[in-house]
Amino acid sequence: MSVLSESFATAALLVTQADGALWRTVLLSLQVSGSACLIGAGFGITLGAALATYRFAGQRLLVMLVNTLLALPSVVVGLLVYLLLSRQGPLGALGILFTPAAMVVAQSVLVVPLIAALTRRLLLASLAEGGDQLRSLGAGPGRTALLLLVHERFGLMTVMLTAFGRAIAEVGAVMIVGGNIEGVTRVMTTTIALETSKGDLPLALALGFVLLAVVGAVNGLIGLMQWRGARTPAQAFG
Amino acid sequence: MRPPPLISLQGAGVRYGATLALDRIDLNLQRGDRLALVGPNGSGKSTLLRLLHGLLPCDGERRVHSLQPEGRLPKCAMLFQRPFLLNLPAAWNVRVGLWLRGVPRAEHAERCATALQRVGLARLAQRPARELSGGQQQRLALARAWALRPDVLFLDEPTASLDPGAKREVEALITELAADGITLVMSTHNLGQAKRLASRVVCLDQGRLLADLAVDRFFDGASLPEAARLFVKGELEWAT
Amino acid sequence: MGHLSARRWLLCASLALAGTAFTLAPVAVQAQEARFIVVASTTSTEQSGLFAHLLPAFKQASGIDVRVVAVGTGQALDQGRRGDADVVFVHDTAAEEKFVAEGFATQRRNVMYNDFVLVGPKADPAGVKGKDIAAALKKLSATSQPFVSRGDKSGTHAAELRLWKAAGVNLAAVKPAGYRECGCGMGPALNMAAATGAYVLADRGTWLSFKNRGDLAVLVEGDTSLFNQYGVMVVNPAKHPHVKAAMAQQFADWLVSPSGQQTIAAYKIGGEPLFFPNALR
């Protein structure tokens with residue numbers, strides 16, 4: 001298809017010409033999704049680990065809820081966070097609607113269930129293998145969770161990469177709570193959506209390739225860290 | 001007069017759902033015992049071991065008595081057939097054990113070093129635990145348990161997954177620990193091992209205690225109930 | 001467990017700190033800026049490229065940053081009602097007057113107009129070409145030719161519904177055979193029309209800057225009922241005290257001032273002006 005090759009060429013051109021506006025948009029995408037993953041990790045990993053190692057009333061219900069929230073469409077998250085942050089909403093006084101802060105909040109909400117579900121699954125595997133033994137060593141649920149998180153740190157990196165991919169690729173949530181304001185809240189995905197609706201399909205596709213390349217670079221970097229970590233653990237630990 | 005036991009079970013039973021894993025066991029663990037639990041697969045050896053350690057709830061009675069003359073409760077540690085080691089250097093695995101038991105931070109370095117020295121892994125202290133061989137991992141698990149200075153050491157088929165060379169190494173270490181005064185309770189399907197290491201043998205079958213005898217009386221055959229004797233006879237052909 | 005050398009710990013910690021600072025930077029920066037207003041406007045206005053031309057001029061004149069959130073007219077008015085915007089700048093006079101009547105703004109003022117055009121396949125299978133929109137729509141409803149409606153409560157959608165009514169077609173009773181509601185913005189509607197060879201009512205601004213025309217061409221234009229009036233309203237601080245009333249008023253005043261009106265008139269694509277200022281009439 002000629003549109004594909006034209007877009008590919010445009011993408012290469014965009015990257016090599018180092019267009020300032022484009023890189024600012026890329027930077028904002030990385031910052032928003034990166035922040036959301038950091039915050040999401042705090043809540044998500046804690047929740048996921050707790051769901052794996054603790055036993056409490058209503059646990060199964062909570063696990064089901066988390067798994068259901070995995071399928072939450074990003075546009076619904078955007079709408080909910082919008083209503084939360086709107087001036088008429090409970091957190092309106094914060095005044096962060098239509099700013100990157102709102103986008104970070106929305107994407108954090110989006111990734112927390114994902115991180116929690118994946119962390120839980122990761123830990124359950126190790127728990128089956130060694131939960132008994134840790135308990136016999138005197139570890140309660142909290143310490144077991146902590147030790148298993150350290151034990152599975154490379155798996156956790158993959159979980160975070162998955163969450164990052166989900167965050168940086170979504171458009172529904174950031175569009176609604178960010179408003180796609182030029183120079184302020186416009187990120188890669190909303191730019192692609194805008195160019196598509198303006199009918200400039202080759203440019204939209206080219207931007208899509210650029211986004212893929214950026215995410216690929218991030219994945220490659222983390223993969224490199226994991227590879228190094230697995231191959232030379234003696235050095236990694238000083 | 002016999003000193004009071006360390007751990008006593010009276011009419012203790014364990015159920016997993018509808019299955020009866022242990023059926024009304026009466027057992028007294030004495031200080032200094034080197035107790036071997038033998039029996040076919042599914043006889044309840046592992047369950048009895050865990051019960052004695054306190055990892056499982058039971059019907060009936062399980063009591064732990066104070067050590068004399070120390071006047072405190074005995075400390076227990078357990079070794080498993082496949083030791084679960086964290087994805088960390090070997091020394092860190094020992095330190096985790098110390099940390100979990102609340103040993104003061106100041107003692108960690110010294111206890112860890114001594115334990116690794118004792119099991120012959122001192123030069124592998126910084127190697128990732130998961131890179132060690134099967135025998136080395138089991139020795140590391142022993143170090144982890146030994147660093148806690150336990151009074152009772154439970155061992156769940158500790159050499160079942162090891163090759164003969166590693167098995168000999170681990171058995172030698174276990175014997176040394178016993179010589180230090182640690183009470184041992186070991187489940188094994190290897191009767192030769194029971195003969196080598198134990199002072200007392202308990203035979204189980206389908207959750208019931210068939211025999212509880214000193215090791216030489218157990219293996220001379222005369223005082224064994226029929227079921228146990230058949231088991232011993234069958235197994236001894238394979239004992240190495 | 002101190003086997004990590006101090007150097008490695010320091011390296012990891014500073015990397016983590018730098019990474020966190022990097023990611024959270026824009027969030028922090030936002031807290032500093034206060035000299036901006038939020039204008040809720042429509043996708044058609046944004047996509048015509050008008051704001052890229054207009055806002056720098058205003059920034060130079062006043063030093064105020066304008067942040068445009070471009071959504072459908074319905075959504076823009078809703079944002080105004082909620083107090084999430086300081087200014088509302090849309091093109092649906094009836095809805096704007098209702099907004100004022102509800103007290104969410106104290107007045108509305110004309111800013112500019114552009115017109116709608118009926119766009120369709122060059123070959124014009126329904127034979128609607130001409131200068132009379134009512135006749136064209138009537139003819140179209142009799143055929144089964146596809147027609148894309150935005151169906152999203154936008155100003156364009158409202159105008160489209162008025163035109164059908166004026167043409168004597170009762171959409172509520174029976175829709176024309178080819179009538180398709182996409183519930184989307186002007187750009188996606190044009191995309192759909194280009195892809196399926198359909199007719200569509202578009203505002204000239206979006207049409208002129210639309211790049212994916214395919215086989216489409218303007219078939220009906222110039223009818224006075226295709227007139228599309230834009231109005232500006234400042235959200236009433238009495239209803240929403242946090243609204244940046246002073247700066248918002250400055251913007252609204254500038255739009256209807258001679259210099260603002262001239263800037264609007266100067267915006268052209270291919271030599272053709274897109275919008276016609278009419279504040280002073």
# chains A, B, ... in the order shown; residues from 1 in each chain; ligands from 1
>>> select_by_dssp(residues="chain A", states="alpha helix (DSSP H)", output="VMD selection string")
chain A and resid 2 to 16 20 to 53 59 to 69 74 to 85 100 to 136 141 to 151 153 to 169 172 to 178 188 to 197 201 to 231 233 to 236
>>> interface_residues(of="chain C", to="chain A", cutoff="6 Å", atoms="only C-alpha atoms", output="short mmCIF file (atom, residue, chain, number, x, y, z; two decimals) with C-alpha atoms, in the first residue's frame")
data_model
loop_
_atom_site.label_atom_id
_atom_site.label_comp_id
_atom_site.auth_asym_id
_atom_site.auth_seq_id
_atom_site.Cartn_x
_atom_site.Cartn_y
_atom_site.Cartn_z
CA LEU C 4 25.82 -3.47 47.63
CA SER C 5 28.68 -1.03 47.51
CA THR C 23 8.46 12.15 34.61
CA LEU C 24 6.72 14.36 37.13
CA VAL C 27 2.81 18.17 36.52
CA ARG C 67 -5.92 27.01 26.13
CA VAL C 68 -8.51 25.74 23.72
CA VAL C 69 -10.39 22.56 24.52
CA ARG C 82 -19.88 23.10 34.92
CA GLY C 83 -17.45 25.93 35.17
CA ASP C 84 -14.64 23.90 33.60
CA GLY C 187 -13.31 15.34 10.12
CA PRO C 188 -14.37 11.73 10.71
CA PHE C 210 -9.49 18.84 4.94
CA LYS C 211 -6.88 16.75 3.20
CA ASN C 212 -8.61 13.47 2.47
#
>>> interface_residues(of="chain B", to="chain A", cutoff="12 Å", atoms="only C-alpha atoms", output="VMD selection string")
chain B and resid 49 to 56 75 to 90 92 to 103 124 to 131 141 144 to 148 150 153 to 156
>>> residues_around(residues="Val109 in chain A", least_positions_apart="3", cutoff="9 Å", atoms="only C-alpha atoms", output="PyMOL selection string")
chain A and resi 36+40+77+81+104-106+112-113
>>> residues_around(residues="range 3-18 of chain A", least_positions_apart="6", cutoff="8 Å", atoms="only C-alpha atoms", output="mmCIF file with C-alpha atoms, in the first residue's frame")
data_model
loop_
_atom_site.group_PDB
_atom_site.id
_atom_site.type_symbol
_atom_site.label_atom_id
_atom_site.label_comp_id
_atom_site.auth_asym_id
_atom_site.auth_seq_id
_atom_site.Cartn_x
_atom_site.Cartn_y
_atom_site.Cartn_z
ATOM 1 C CA PRO A 202 -0.364 9.674 6.082
ATOM 2 C CA LEU A 203 0.810 12.082 8.768
ATOM 3 C CA LEU A 205 0.209 6.973 10.417
ATOM 4 C CA ALA A 206 3.711 8.432 10.384
ATOM 5 C CA LEU A 207 3.204 9.701 13.920
ATOM 6 C CA PHE A 209 5.329 4.789 13.568
ATOM 7 C CA VAL A 210 7.239 7.350 15.607
#
>>> closest_residue(among="C:Gly19, C:Gly197, C:Gly205, C:Pro176", to="Pro125 in chain C", atoms="only C-alpha atoms")
C:Gly197
>>> residues_around(residues="Ala214 in chain B", least_positions_apart="3", cutoff="7 Å", atoms="only C-alpha atoms", output="list of chain:residue names")
B:Ser199, B:Arg200, B:Val201, B:Arg217, B:Phe218
>>> write_last_selection(atoms="C-alpha atoms", output="PDB file, in the first residue's frame")
ATOM      1  CA  SER B 199      18.462 -43.426  66.590  1.00  0.00           C
ATOM      2  CA  ARG B 200      14.735 -44.094  66.486  1.00  0.00           C
ATOM      3  CA  VAL B 201      12.357 -45.043  63.684  1.00  0.00           C
ATOM      4  CA  ARG B 217      15.185 -53.085  67.158  1.00  0.00           C
ATOM      5  CA  PHE B 218      13.338 -51.732  64.161  1.00  0.00           C
TER       6      PHE B 218
END
>>> residues_around(residues="Gly42 in chain B", least_positions_apart="6", cutoff="9 Å", atoms="only C-alpha atoms", output="PyMOL selection string")
chain B and resi 21+205-207
>>> residues_around(residues="Thr68 in chain A", least_positions_apart="6", cutoff="12 Å", atoms="only C-alpha atoms", output="list in words")
Leu61, Leu62, Pro113, Leu114, Ala116 and Ala117 of chain A
>>> write_last_selection(atoms="N, CA and C atoms", output="short mmCIF file (atom, residue, chain, number, x, y, z; two decimals), in the first residue's frame")
data_model
loop_
_atom_site.label_atom_id
_atom_site.label_comp_id
_atom_site.auth_asym_id
_atom_site.auth_seq_id
_atom_site.Cartn_x
_atom_site.Cartn_y
_atom_site.Cartn_z
N LEU A 61 -13.89 -11.71 46.08
CA LEU A 61 -14.68 -10.67 45.43
C LEU A 61 -13.78 -9.57 44.91
N LEU A 62 -12.79 -9.21 45.73
CA LEU A 62 -11.88 -8.15 45.33
C LEU A 62 -11.06 -8.56 44.12
N PRO A 113 -5.39 -1.49 38.05
CA PRO A 113 -5.90 -2.86 38.01
C PRO A 113 -4.98 -3.80 37.24
N LEU A 114 -4.40 -3.29 36.17
CA LEU A 114 -3.52 -4.13 35.36
C LEU A 114 -2.30 -4.57 36.16
N ALA A 116 -1.95 -4.58 39.39
CA ALA A 116 -2.35 -5.42 40.52
C ALA A 116 -2.59 -6.86 40.07
N ALA A 117 -3.34 -7.02 38.99
CA ALA A 117 -3.66 -8.37 38.52
C ALA A 117 -2.39 -9.13 38.11
#
>>> atom_distance(atom1="CA of Gln229 in chain C", atom2="CA of Met112 in chain C")
6.2 Å
>>> closest_residue(among="A:Ile222, A:Leu72, A:Leu146, A:Leu122", to="Thr46 in chain A", atoms="only C-alpha atoms")
A:Leu146
>>> decode(residues="range 153-177 of chain B", atoms="N, CA and C atoms", output="CSV table (one decimal), in the first residue's frame")
chain,number,residue,atom,x,y,z
B,153,LEU,N,15.6,-29.8,64.5
B,153,LEU,CA,15.6,-29.6,63.0
B,153,LEU,C,14.8,-30.6,62.3
B,154,PHE,N,13.8,-30.1,61.6
B,154,PHE,CA,12.9,-31.1,60.8
B,154,PHE,C,13.4,-31.2,59.4
B,155,LEU,N,13.5,-32.4,58.9
B,155,LEU,CA,14.0,-32.5,57.5
B,155,LEU,C,13.0,-33.4,56.7
B,156,ASP,N,12.5,-32.8,55.6
B,156,ASP,CA,11.5,-33.5,54.8
B,156,ASP,C,12.1,-34.1,53.5
B,157,GLU,N,12.5,-35.3,53.6
B,157,GLU,CA,13.2,-36.0,52.5
B,157,GLU,C,14.3,-35.2,51.9
B,158,PRO,N,15.3,-34.8,52.7
B,158,PRO,CA,16.3,-33.8,52.4
B,158,PRO,C,17.2,-34.2,51.2
B,159,THR,N,17.4,-35.5,51.0
B,159,THR,CA,18.3,-35.9,49.9
B,159,THR,C,17.6,-36.6,48.8
B,160,ALA,N,16.3,-36.6,48.8
B,160,ALA,CA,15.6,-37.4,47.8
B,160,ALA,C,15.9,-36.9,46.4
B,161,SER,N,16.2,-35.6,46.2
B,161,SER,CA,16.4,-35.0,44.9
B,161,SER,C,17.9,-35.0,44.5
B,162,LEU,N,18.7,-35.5,45.3
B,162,LEU,CA,20.2,-35.3,45.1
B,162,LEU,C,20.8,-36.5,44.5
B,163,ASP,N,21.9,-36.3,43.8
B,163,ASP,CA,22.7,-37.4,43.3
B,163,ASP,C,23.5,-38.0,44.4
B,164,PRO,N,24.1,-39.2,44.3
B,164,PRO,CA,24.7,-39.9,45.4
B,164,PRO,C,25.8,-39.1,46.1
B,165,GLY,N,26.7,-38.4,45.3
B,165,GLY,CA,27.7,-37.6,45.9
B,165,GLY,C,27.2,-36.5,46.8
B,166,ALA,N,26.2,-35.8,46.3
B,166,ALA,CA,25.6,-34.7,47.1
B,166,ALA,C,24.9,-35.3,48.3
B,167,LYS,N,24.3,-36.4,48.1
B,167,LYS,CA,23.6,-37.1,49.2
B,167,LYS,C,24.5,-37.4,50.4
B,168,ARG,N,25.7,-37.9,50.0
B,168,ARG,CA,26.7,-38.2,51.1
B,168,ARG,C,27.1,-37.0,51.8
B,169,GLU,N,27.4,-35.9,51.0
B,169,GLU,CA,27.8,-34.6,51.7
B,169,GLU,C,26.7,-34.1,52.7
B,170,VAL,N,25.5,-34.1,52.2
B,170,VAL,CA,24.4,-33.6,53.1
B,170,VAL,C,24.2,-34.5,54.3
B,171,GLU,N,24.3,-35.8,54.1
B,171,GLU,CA,24.1,-36.8,55.2
B,171,GLU,C,25.2,-36.5,56.3
B,172,ALA,N,26.5,-36.3,55.7
B,172,ALA,CA,27.6,-36.0,56.7
B,172,ALA,C,27.3,-34.8,57.5
B,173,LEU,N,26.8,-33.8,56.9
B,173,LEU,CA,26.5,-32.5,57.6
B,173,LEU,C,25.4,-32.8,58.7
B,174,ILE,N,24.4,-33.5,58.3
B,174,ILE,CA,23.3,-33.8,59.2
B,174,ILE,C,23.8,-34.5,60.4
B,175,THR,N,24.7,-35.5,60.2
B,175,THR,CA,25.3,-36.2,61.3
B,175,THR,C,26.1,-35.3,62.2
B,176,GLU,N,26.8,-34.4,61.6
B,176,GLU,CA,27.6,-33.5,62.4
B,176,GLU,C,26.7,-32.6,63.3
B,177,LEU,N,25.6,-32.1,62.7
B,177,LEU,CA,24.7,-31.3,63.4
B,177,LEU,C,24.1,-32.0,64.6
